[in-house]
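Peer 1: This structure is in structure tokens; I'll ask about it shortly.
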Amino acid sequence: MSTLQYIKHQDIDFKKWDNTILHSQIPFVFAQSFYLNATCPNWDALVIGDYETVFPITYKTKFGYRYLPQPPFTSQLGTFGKLSLDAEQQFYNYILEHFRLIDLELNVTNQLKSGFISPKNTYTLNYSEGYKFNKNTKRNIVKAQENGFVVESVKSQEIIKLSKTYLNPFLEKEVGLSNATV
């Protein structure tokens, strides 16, 4: 197993990071660099190997103590990439040694057992098998349509273009992120 590296935010290779996240067993948007930049600017990283296994460090400091909170609007973080109990143990040991308070929700692929870690149920909906709306959902859809709400399907090739047109300006203007961050 390769050795663990702590990488400061400005030194993270975001292309390698995002590639690892996107090829993980669960490629959550919450762990992608653009999302972490928006919810926890200046986050750091724990990395094993050449970004084979990664763990975002979303630290804050208060009264001189470093702690790990769950960033707002972020469901689950933890270990991503090539998963192994050894890698999780390396991350866990590092975090226990360097942070006073840890309040993170780990993703469902994390298998480490500890008295400090409690499991959390995660439900995944598979829409490819079809679905049915209940009466309440149907009523809400009708109300939304009556109020002019429109849903359009977007081709995956258009997502980046739409993000640059609508999301990036919002993140710059309303959230205060720099153009380099978004």
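Labels used: A, B, ... for chains in the order of the structure tokens, numbers from 1 for residues in each chain, and numbers from 1 for ligands as shown.
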Please, which residues of range 15-78 of chain A, numbered as in this document, come out strand (DSSP E) from DSSP, as a ChimeraX atom specification?
Peer 2: /A:44-48,53-57,60-62,65-69
Peer 1: Please list as a ChimeraX atom specification every residue within 7 Å of range 2-13 of chain A, counting only C-alpha atoms and excluding residues in the same chain fewer than 6 positions away.
Peer 2: /A:42-49
Peer 1: Leaving out His23 in chain A and any residue of its chain fewer than 4 positions from it, which residues lie within 8 Å of it when counting only C-alpha atoms, given as a list in words?
Peer 2: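 Within the cut-off, the hits are Asn19, Pro27 and Gly81 of chain A.
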Peer 1: Could you write out that same residue set with N, CA and C atoms as a PDB file, in the first residue's frame?
Peer 2:
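As a result, out.pdb now contains:
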ATOM      1  N   ASN A  19     -11.331  12.702 -11.368  1.00  0.00           N
ATOM      2  CA  ASN A  19     -11.290  11.423 -12.063  1.00  0.00           C
ATOM      3  C   ASN A  19     -11.474  10.278 -11.065  1.00  0.00           C
ATOM      4  N   PRO A  27     -20.004   7.625  -7.281  1.00  0.00           N
ATOM      5  CA  PRO A  27     -19.410   8.918  -7.687  1.00  0.00           C
ATOM      6  C   PRO A  27     -20.255  10.120  -7.254  1.00  0.00           C
ATOM      7  N   GLY A  81     -12.475   6.068  -4.399  1.00  0.00           N
ATOM      8  CA  GLY A  81     -11.429   5.500  -5.252  1.00  0.00           C
ATOM      9  C   GLY A  81     -11.288   4.013  -5.000  1.00  0.00           C
TER      10      GLY A  81
END
Peer 1: Could you give me, as a list in words, the residues within 9 Å of Leu112 in chain A, counting only C-alpha atoms and dropping anything in the same chain fewer than 3 positions from it?
Peer 2: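 The filter keeps Leu85, Glu88, Gln89, Tyr92 and Ile117 of chain A.
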Peer 1: Could you take the residues named above and write them with N, CA, C and O atoms, as a compact mmCIF listing (two decimals), in the first residue's frame?
Peer 2:
# COMPACT_ATOMS: atom_id res chain seq x y z
N LEU A 85 -9.88 -1.71 3.45
CA LEU A 85 -9.92 -1.46 4.88
C LEU A 85 -8.62 -0.81 5.35
O LEU A 85 -8.62 0.05 6.22
N GLU A 88 -8.79 2.94 4.51
CA GLU A 88 -9.68 3.60 5.45
C GLU A 88 -9.02 3.75 6.82
O GLU A 88 -9.17 4.78 7.47
N GLN A 89 -8.30 2.72 7.24
CA GLN A 89 -7.62 2.77 8.54
C GLN A 89 -6.54 3.84 8.56
O GLN A 89 -6.39 4.55 9.54
N TYR A 92 -8.38 7.16 8.83
CA TYR A 92 -8.96 7.25 10.17
C TYR A 92 -7.89 7.59 11.21
O TYR A 92 -8.07 8.49 12.03
N ILE A 117 -17.83 5.46 15.17
CA ILE A 117 -18.50 5.50 13.87
C ILE A 117 -19.82 4.75 13.98
O ILE A 117 -19.85 3.60 14.42
Peer 1: Looking only at the backbone, which of the residues in chain A does DSSP tag as alpha helix (DSSP H), as a short mmCIF file (atom, residue, chain, number, x, y, z; two decimals) with all heavy atoms, in the first residue's frame?
Peer 2:
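Contents of selection_19.cif, freshly written:
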data_model
loop_
_atom_site.label_atom_id
_atom_site.label_comp_id
_atom_site.auth_asym_id
_atom_site.auth_seq_id
_atom_site.Cartn_x
_atom_site.Cartn_y
_atom_site.Cartn_z
N PHE A 14 -6.83 18.82 -9.23
CA PHE A 14 -8.27 18.66 -9.30
C PHE A 14 -8.72 17.71 -10.41
O PHE A 14 -9.73 17.04 -10.27
CB PHE A 14 -8.97 20.02 -9.44
CG PHE A 14 -8.80 20.88 -8.21
CD1 PHE A 14 -8.13 22.08 -8.28
CD2 PHE A 14 -9.31 20.47 -6.99
CE1 PHE A 14 -7.97 22.87 -7.15
CE2 PHE A 14 -9.17 21.24 -5.85
CZ PHE A 14 -8.49 22.45 -5.93
N LYS A 15 -7.97 17.64 -11.49
CA LYS A 15 -8.34 16.70 -12.56
C LYS A 15 -8.20 15.26 -12.07
O LYS A 15 -9.08 14.43 -12.30
CB LYS A 15 -7.49 16.93 -13.81
CG LYS A 15 -7.89 18.16 -14.58
CD LYS A 15 -7.17 18.26 -15.89
CE LYS A 15 -7.66 19.52 -16.60
NZ LYS A 15 -7.24 19.61 -17.96
N LYS A 16 -7.10 14.96 -11.40
CA LYS A 16 -6.91 13.61 -10.86
C LYS A 16 -7.94 13.33 -9.77
O LYS A 16 -8.48 12.22 -9.69
CB LYS A 16 -5.49 13.44 -10.32
CG LYS A 16 -4.43 13.34 -11.38
CD LYS A 16 -3.07 13.10 -10.77
CE LYS A 16 -2.00 12.98 -11.83
NZ LYS A 16 -0.66 12.75 -11.23
N TRP A 17 -8.17 14.32 -8.91
CA TRP A 17 -9.16 14.17 -7.84
C TRP A 17 -10.52 13.80 -8.43
O TRP A 17 -11.15 12.82 -8.04
CB TRP A 17 -9.26 15.45 -7.03
CG TRP A 17 -10.30 15.38 -5.96
CD1 TRP A 17 -11.64 15.63 -6.11
CD2 TRP A 17 -10.11 14.97 -4.62
NE1 TRP A 17 -12.30 15.42 -4.91
CE2 TRP A 17 -11.38 15.02 -3.99
CE3 TRP A 17 -9.00 14.59 -3.87
CZ2 TRP A 17 -11.55 14.70 -2.65
CZ3 TRP A 17 -9.19 14.26 -2.54
CH2 TRP A 17 -10.44 14.32 -1.94
N ASP A 18 -11.00 14.62 -9.37
CA ASP A 18 -12.33 14.40 -9.95
C ASP A 18 -12.40 13.08 -10.71
O ASP A 18 -13.42 12.40 -10.69
CB ASP A 18 -12.73 15.56 -10.85
CG ASP A 18 -13.06 16.82 -10.06
OD1 ASP A 18 -13.45 16.69 -8.87
OD2 ASP A 18 -12.96 17.92 -10.61
N ASN A 19 -11.33 12.70 -11.37
CA ASN A 19 -11.29 11.42 -12.06
C ASN A 19 -11.47 10.28 -11.07
O ASN A 19 -12.20 9.32 -11.34
CB ASN A 19 -9.98 11.28 -12.84
CG ASN A 19 -9.99 10.04 -13.72
OD1 ASN A 19 -10.92 9.83 -14.49
ND2 ASN A 19 -8.96 9.23 -13.58
N THR A 20 -10.82 10.37 -9.91
CA THR A 20 -10.97 9.34 -8.88
C THR A 20 -12.41 9.29 -8.40
O THR A 20 -12.98 8.20 -8.26
CB THR A 20 -10.01 9.62 -7.70
OG1 THR A 20 -8.67 9.59 -8.18
CG2 THR A 20 -10.19 8.60 -6.59
N ILE A 21 -13.00 10.45 -8.12
CA ILE A 21 -14.38 10.48 -7.64
C ILE A 21 -15.32 9.90 -8.69
O ILE A 21 -16.18 9.06 -8.38
CB ILE A 21 -14.81 11.92 -7.29
CG1 ILE A 21 -13.90 12.53 -6.20
CG2 ILE A 21 -16.29 11.96 -6.87
CD1 ILE A 21 -13.80 11.75 -4.92
N LEU A 22 -15.17 10.32 -9.94
CA LEU A 22 -16.09 9.88 -11.00
C LEU A 22 -15.98 8.39 -11.30
O LEU A 22 -16.91 7.79 -11.84
CB LEU A 22 -15.87 10.70 -12.26
CG LEU A 22 -16.29 12.17 -12.13
CD1 LEU A 22 -15.85 12.96 -13.35
CD2 LEU A 22 -17.79 12.29 -11.91
N SER A 33 -14.56 18.21 -6.86
CA SER A 33 -13.84 19.41 -6.45
C SER A 33 -14.68 20.68 -6.55
O SER A 33 -14.64 21.52 -5.64
CB SER A 33 -12.55 19.56 -7.25
OG SER A 33 -12.82 19.75 -8.62
N PHE A 34 -15.47 20.84 -7.61
CA PHE A 34 -16.26 22.06 -7.74
C PHE A 34 -17.27 22.18 -6.61
O PHE A 34 -17.53 23.27 -6.11
CB PHE A 34 -16.95 22.14 -9.11
CG PHE A 34 -18.24 21.36 -9.20
CD1 PHE A 34 -19.45 21.96 -8.92
CD2 PHE A 34 -18.21 20.02 -9.56
CE1 PHE A 34 -20.63 21.24 -9.00
CE2 PHE A 34 -19.40 19.30 -9.64
CZ PHE A 34 -20.61 19.91 -9.35
N TYR A 35 -17.84 21.05 -6.18
CA TYR A 35 -18.84 21.07 -5.12
C TYR A 35 -18.18 21.37 -3.78
O TYR A 35 -18.68 22.18 -3.00
CB TYR A 35 -19.58 19.73 -5.08
CG TYR A 35 -20.87 19.80 -4.30
CD1 TYR A 35 -22.06 20.12 -4.93
CD2 TYR A 35 -20.89 19.55 -2.93
CE1 TYR A 35 -23.25 20.19 -4.22
CE2 TYR A 35 -22.07 19.63 -2.21
CZ TYR A 35 -23.24 19.95 -2.85
OH TYR A 35 -24.41 20.02 -2.14
N LEU A 36 -17.06 20.72 -3.51
CA LEU A 36 -16.34 20.99 -2.27
C LEU A 36 -15.84 22.44 -2.23
O LEU A 36 -15.87 23.08 -1.18
CB LEU A 36 -15.16 20.02 -2.11
CG LEU A 36 -15.54 18.59 -1.75
CD1 LEU A 36 -14.35 17.67 -1.91
CD2 LEU A 36 -16.09 18.53 -0.34
N ASN A 37 -15.41 22.97 -3.38
CA ASN A 37 -14.97 24.37 -3.43
C ASN A 37 -16.12 25.31 -3.06
O ASN A 37 -15.90 26.35 -2.46
CB ASN A 37 -14.43 24.73 -4.81
CG ASN A 37 -13.09 24.10 -5.09
OD1 ASN A 37 -12.38 23.68 -4.17
ND2 ASN A 37 -12.72 24.02 -6.35
N ALA A 38 -17.34 24.94 -3.43
CA ALA A 38 -18.50 25.78 -3.13
C ALA A 38 -18.96 25.64 -1.68
O ALA A 38 -19.35 26.63 -1.07
CB ALA A 38 -19.65 25.43 -4.07
N THR A 39 -18.89 24.44 -1.13
CA THR A 39 -19.42 24.21 0.22
C THR A 39 -18.37 24.32 1.32
O THR A 39 -18.71 24.53 2.47
CB THR A 39 -20.08 22.83 0.32
OG1 THR A 39 -19.12 21.82 0.02
CG2 THR A 39 -21.28 22.73 -0.61
N LEU A 85 -9.88 -1.71 3.45
CA LEU A 85 -9.92 -1.46 4.88
C LEU A 85 -8.62 -0.81 5.35
O LEU A 85 -8.62 0.05 6.22
CB LEU A 85 -10.18 -2.77 5.62
CG LEU A 85 -10.75 -2.65 7.02
CD1 LEU A 85 -11.99 -1.77 7.05
CD2 LEU A 85 -11.09 -4.02 7.56
N ASP A 86 -7.49 -1.20 4.72
CA ASP A 86 -6.20 -0.61 5.06
C ASP A 86 -6.17 0.89 4.76
O ASP A 86 -5.71 1.68 5.58
CB ASP A 86 -5.07 -1.32 4.30
CG ASP A 86 -3.70 -0.78 4.67
OD1 ASP A 86 -3.41 -0.69 5.89
OD2 ASP A 86 -2.93 -0.44 3.75
N ALA A 87 -6.68 1.29 3.61
CA ALA A 87 -6.71 2.71 3.25
C ALA A 87 -7.61 3.48 4.21
O ALA A 87 -7.24 4.57 4.70
CB ALA A 87 -7.21 2.88 1.81
N GLU A 88 -8.79 2.94 4.51
CA GLU A 88 -9.68 3.60 5.45
C GLU A 88 -9.02 3.75 6.82
O GLU A 88 -9.17 4.78 7.47
CB GLU A 88 -10.99 2.82 5.58
CG GLU A 88 -11.88 2.94 4.38
CD GLU A 88 -13.19 2.20 4.58
OE1 GLU A 88 -13.81 2.37 5.65
OE2 GLU A 88 -13.59 1.47 3.67
N GLN A 89 -8.30 2.72 7.24
CA GLN A 89 -7.62 2.77 8.54
C GLN A 89 -6.54 3.84 8.56
O GLN A 89 -6.39 4.55 9.54
CB GLN A 89 -7.01 1.39 8.88
CG GLN A 89 -6.51 1.29 10.30
CD GLN A 89 -7.64 1.36 11.32
OE1 GLN A 89 -8.59 0.59 11.24
NE2 GLN A 89 -7.56 2.28 12.26
N GLN A 90 -5.81 3.99 7.45
CA GLN A 90 -4.80 5.05 7.36
C GLN A 90 -5.44 6.43 7.49
O GLN A 90 -4.96 7.29 8.23
CB GLN A 90 -4.04 4.97 6.04
CG GLN A 90 -3.03 3.85 5.96
CD GLN A 90 -2.24 3.93 4.67
OE1 GLN A 90 -1.59 4.93 4.40
NE2 GLN A 90 -2.31 2.87 3.87
N PHE A 91 -6.55 6.65 6.77
CA PHE A 91 -7.25 7.92 6.85
C PHE A 91 -7.77 8.16 8.27
O PHE A 91 -7.60 9.24 8.83
CB PHE A 91 -8.43 7.97 5.86
CG PHE A 91 -8.04 8.00 4.42
CD1 PHE A 91 -8.80 7.34 3.47
CD2 PHE A 91 -6.92 8.69 3.97
CE1 PHE A 91 -8.46 7.37 2.12
CE2 PHE A 91 -6.56 8.72 2.64
CZ PHE A 91 -7.34 8.07 1.71
N TYR A 92 -8.38 7.16 8.83
CA TYR A 92 -8.96 7.25 10.17
C TYR A 92 -7.89 7.59 11.21
O TYR A 92 -8.07 8.49 12.03
CB TYR A 92 -9.65 5.93 10.50
CG TYR A 92 -10.35 5.88 11.84
CD1 TYR A 92 -11.51 6.60 12.06
CD2 TYR A 92 -9.86 5.08 12.87
CE1 TYR A 92 -12.18 6.54 13.27
CE2 TYR A 92 -10.52 5.00 14.09
CZ TYR A 92 -11.67 5.75 14.29
OH TYR A 92 -12.31 5.68 15.50
N ASN A 93 -6.76 6.89 11.16
CA ASN A 93 -5.67 7.16 12.11
C ASN A 93 -5.15 8.58 11.98
O ASN A 93 -4.89 9.26 12.98
CB ASN A 93 -4.53 6.15 11.92
CG ASN A 93 -4.93 4.75 12.34
OD1 ASN A 93 -5.91 4.55 13.05
ND2 ASN A 93 -4.20 3.77 11.86
N TYR A 94 -4.98 9.04 10.75
CA TYR A 94 -4.51 10.41 10.52
C TYR A 94 -5.49 11.43 11.10
O TYR A 94 -5.09 12.36 11.79
CB TYR A 94 -4.31 10.68 9.02
CG TYR A 94 -3.74 12.06 8.79
CD1 TYR A 94 -2.36 12.25 8.70
CD2 TYR A 94 -4.56 13.18 8.69
CE1 TYR A 94 -1.84 13.52 8.52
CE2 TYR A 94 -4.05 14.44 8.52
CZ TYR A 94 -2.69 14.61 8.44
OH TYR A 94 -2.17 15.88 8.27
N ILE A 95 -6.75 11.23 10.83
CA ILE A 95 -7.77 12.17 11.30
C ILE A 95 -7.84 12.21 12.82
O ILE A 95 -7.88 13.28 13.42
CB ILE A 95 -9.14 11.81 10.67
CG1 ILE A 95 -9.11 12.16 9.18
CG2 ILE A 95 -10.28 12.52 11.38
CD1 ILE A 95 -10.28 11.60 8.39
N LEU A 96 -7.81 11.04 13.46
CA LEU A 96 -7.85 11.00 14.93
C LEU A 96 -6.65 11.71 15.55
O LEU A 96 -6.76 12.34 16.59
CB LEU A 96 -7.91 9.56 15.42
CG LEU A 96 -9.24 8.84 15.31
CD1 LEU A 96 -9.13 7.43 15.85
CD2 LEU A 96 -10.35 9.60 16.02
N GLU A 97 -5.52 11.61 14.88
CA GLU A 97 -4.29 12.21 15.40
C GLU A 97 -4.25 13.73 15.23
O GLU A 97 -3.64 14.42 16.02
CB GLU A 97 -3.09 11.58 14.67
CG GLU A 97 -1.75 11.97 15.23
CD GLU A 97 -0.62 11.26 14.51
OE1 GLU A 97 -0.78 10.05 14.20
OE2 GLU A 97 0.41 11.91 14.26
N HIS A 98 -4.95 14.26 14.21
CA HIS A 98 -4.79 15.68 13.88
C HIS A 98 -6.01 16.57 14.12
O HIS A 98 -5.92 17.77 13.94
CB HIS A 98 -4.37 15.81 12.40
CG HIS A 98 -2.99 15.30 12.16
ND1 HIS A 98 -2.74 13.99 11.86
CD2 HIS A 98 -1.80 15.92 12.21
CE1 HIS A 98 -1.43 13.82 11.71
NE2 HIS A 98 -0.84 14.98 11.92
N LYS A 135 -50.39 9.67 -5.24
CA LYS A 135 -51.38 10.74 -5.46
C LYS A 135 -50.83 12.10 -5.08
O LYS A 135 -51.06 13.10 -5.76
CB LYS A 135 -52.65 10.45 -4.66
CG LYS A 135 -53.46 9.31 -5.21
CD LYS A 135 -54.71 9.08 -4.37
CE LYS A 135 -55.47 7.86 -4.89
NZ LYS A 135 -56.67 7.61 -4.07
N ASN A 136 -50.10 12.18 -3.98
CA ASN A 136 -49.55 13.46 -3.53
C ASN A 136 -48.55 14.02 -4.54
O ASN A 136 -48.56 15.21 -4.85
CB ASN A 136 -48.91 13.32 -2.15
CG ASN A 136 -48.44 14.64 -1.61
OD1 ASN A 136 -49.21 15.60 -1.55
ND2 ASN A 136 -47.17 14.70 -1.22
N THR A 137 -47.70 13.17 -5.05
CA THR A 137 -46.71 13.61 -6.04
C THR A 137 -47.40 14.09 -7.31
O THR A 137 -47.04 15.12 -7.88
CB THR A 137 -45.72 12.47 -6.36
OG1 THR A 137 -45.08 12.08 -5.15
CG2 THR A 137 -44.68 12.91 -7.36
N LYS A 138 -48.41 13.34 -7.75
CA LYS A 138 -49.17 13.76 -8.94
C LYS A 138 -49.81 15.12 -8.73
O LYS A 138 -49.79 15.98 -9.61
CB LYS A 138 -50.24 12.72 -9.29
CG LYS A 138 -49.68 11.41 -9.83
CD LYS A 138 -50.78 10.40 -10.06
CE LYS A 138 -50.21 9.07 -10.51
NZ LYS A 138 -51.27 8.04 -10.66
N ARG A 139 -50.38 15.34 -7.54
CA ARG A 139 -51.00 16.63 -7.21
C ARG A 139 -49.95 17.75 -7.23
O ARG A 139 -50.18 18.83 -7.76
CB ARG A 139 -51.69 16.53 -5.86
CG ARG A 139 -52.51 17.75 -5.49
CD ARG A 139 -53.34 17.55 -4.22
NE ARG A 139 -52.55 17.11 -3.07
CZ ARG A 139 -52.64 15.90 -2.49
NH1 ARG A 139 -53.49 15.01 -2.94
NH2 ARG A 139 -51.90 15.60 -1.45
N ASN A 140 -48.79 17.48 -6.68
CA ASN A 140 -47.72 18.49 -6.67
C ASN A 140 -47.22 18.81 -8.07
O ASN A 140 -46.89 19.95 -8.38
CB ASN A 140 -46.55 18.03 -5.79
CG ASN A 140 -46.88 18.09 -4.32
OD1 ASN A 140 -47.79 18.82 -3.90
ND2 ASN A 140 -46.16 17.33 -3.52
N ILE A 141 -47.18 17.82 -8.94
CA ILE A 141 -46.76 18.04 -10.33
C ILE A 141 -47.78 18.94 -11.03
O ILE A 141 -47.41 19.88 -11.74
CB ILE A 141 -46.56 16.71 -11.08
CG1 ILE A 141 -45.33 15.98 -10.53
CG2 ILE A 141 -46.43 16.94 -12.58
CD1 ILE A 141 -45.17 14.55 -11.02
N VAL A 142 -49.07 18.66 -10.83
CA VAL A 142 -50.11 19.49 -11.44
C VAL A 142 -50.00 20.93 -10.95
O VAL A 142 -50.07 21.88 -11.73
CB VAL A 142 -51.52 18.90 -11.16
CG1 VAL A 142 -52.62 19.89 -11.54
CG2 VAL A 142 -51.70 17.59 -11.90
N LYS A 143 -49.81 21.13 -9.63
CA LYS A 143 -49.66 22.48 -9.07
C LYS A 143 -48.46 23.20 -9.68
O LYS A 143 -48.53 24.38 -10.01
CB LYS A 143 -49.49 22.42 -7.55
CG LYS A 143 -50.73 22.13 -6.78
CD LYS A 143 -50.40 22.13 -5.29
CE LYS A 143 -51.56 21.69 -4.45
NZ LYS A 143 -51.19 21.64 -3.02
N ALA A 144 -47.35 22.48 -9.81
CA ALA A 144 -46.14 23.08 -10.38
C ALA A 144 -46.38 23.51 -11.82
O ALA A 144 -45.98 24.60 -12.24
CB ALA A 144 -44.98 22.10 -10.30
N GLN A 145 -47.05 22.65 -12.59
CA GLN A 145 -47.34 22.99 -13.98
C GLN A 145 -48.29 24.18 -14.08
O GLN A 145 -48.12 25.05 -14.93
CB GLN A 145 -47.93 21.77 -14.71
CG GLN A 145 -46.91 20.68 -14.94
CD GLN A 145 -47.52 19.38 -15.46
OE1 GLN A 145 -48.70 19.10 -15.25
NE2 GLN A 145 -46.70 18.58 -16.13
N GLU A 146 -49.27 24.24 -13.19
CA GLU A 146 -50.21 25.37 -13.17
C GLU A 146 -49.48 26.68 -12.86
O GLU A 146 -49.90 27.75 -13.28
CB GLU A 146 -51.31 25.14 -12.14
CG GLU A 146 -52.31 24.09 -12.56
CD GLU A 146 -53.29 23.72 -11.44
OE1 GLU A 146 -53.12 24.19 -10.29
OE2 GLU A 146 -54.22 22.94 -11.72
N ILE A 159 -24.46 19.72 -20.30
CA ILE A 159 -24.42 20.07 -18.89
C ILE A 159 -23.31 21.09 -18.59
O ILE A 159 -23.54 22.08 -17.90
CB ILE A 159 -24.27 18.81 -18.02
CG1 ILE A 159 -25.56 17.99 -18.10
CG2 ILE A 159 -23.95 19.17 -16.57
CD1 ILE A 159 -25.50 16.65 -17.43
N ILE A 160 -22.10 20.88 -19.10
CA ILE A 160 -21.00 21.80 -18.84
C ILE A 160 -21.31 23.18 -19.40
O ILE A 160 -21.10 24.20 -18.73
CB ILE A 160 -19.67 21.26 -19.43
CG1 ILE A 160 -19.29 19.94 -18.76
CG2 ILE A 160 -18.56 22.28 -19.29
CD1 ILE A 160 -19.01 20.04 -17.27
N LYS A 161 -21.84 23.23 -20.61
CA LYS A 161 -22.20 24.52 -21.23
C LYS A 161 -23.24 25.25 -20.38
O LYS A 161 -23.11 26.44 -20.12
CB LYS A 161 -22.72 24.28 -22.64
CG LYS A 161 -23.14 25.55 -23.37
CD LYS A 161 -23.71 25.23 -24.74
CE LYS A 161 -24.29 26.49 -25.36
NZ LYS A 161 -25.05 26.21 -26.56
N LEU A 162 -24.27 24.53 -19.94
CA LEU A 162 -25.31 25.15 -19.12
C LEU A 162 -24.76 25.60 -17.76
O LEU A 162 -25.14 26.64 -17.24
CB LEU A 162 -26.47 24.18 -18.94
CG LEU A 162 -27.31 23.93 -20.18
CD1 LEU A 162 -28.28 22.77 -19.97
CD2 LEU A 162 -28.06 25.20 -20.59
N ASN A 168 -22.17 28.88 -12.93
CA ASN A 168 -20.92 29.58 -12.61
C ASN A 168 -21.14 31.06 -12.30
O ASN A 168 -20.61 31.56 -11.30
CB ASN A 168 -19.89 29.41 -13.72
CG ASN A 168 -19.39 27.98 -13.81
OD1 ASN A 168 -19.88 27.09 -13.14
ND2 ASN A 168 -18.42 27.75 -14.66
N PRO A 169 -21.93 31.80 -13.11
CA PRO A 169 -22.18 33.21 -12.75
C PRO A 169 -22.87 33.35 -11.39
O PRO A 169 -22.57 34.26 -10.62
CB PRO A 169 -23.07 33.72 -13.87
CG PRO A 169 -22.75 32.84 -15.03
CD PRO A 169 -22.47 31.49 -14.43
N PHE A 170 -23.80 32.45 -11.09
CA PHE A 170 -24.46 32.47 -9.79
C PHE A 170 -23.45 32.25 -8.67
O PHE A 170 -23.45 32.98 -7.67
CB PHE A 170 -25.55 31.40 -9.72
CG PHE A 170 -26.08 31.18 -8.33
CD1 PHE A 170 -27.01 32.05 -7.79
CD2 PHE A 170 -25.63 30.12 -7.56
CE1 PHE A 170 -27.49 31.87 -6.50
CE2 PHE A 170 -26.10 29.93 -6.28
CZ PHE A 170 -27.03 30.80 -5.74
#
Peer 1: Could you please determine the separation between CA of Phe30 in chain A and CA of Lys62 in chain A in Å, to one decimal place?
Peer 2: 24.0 Å
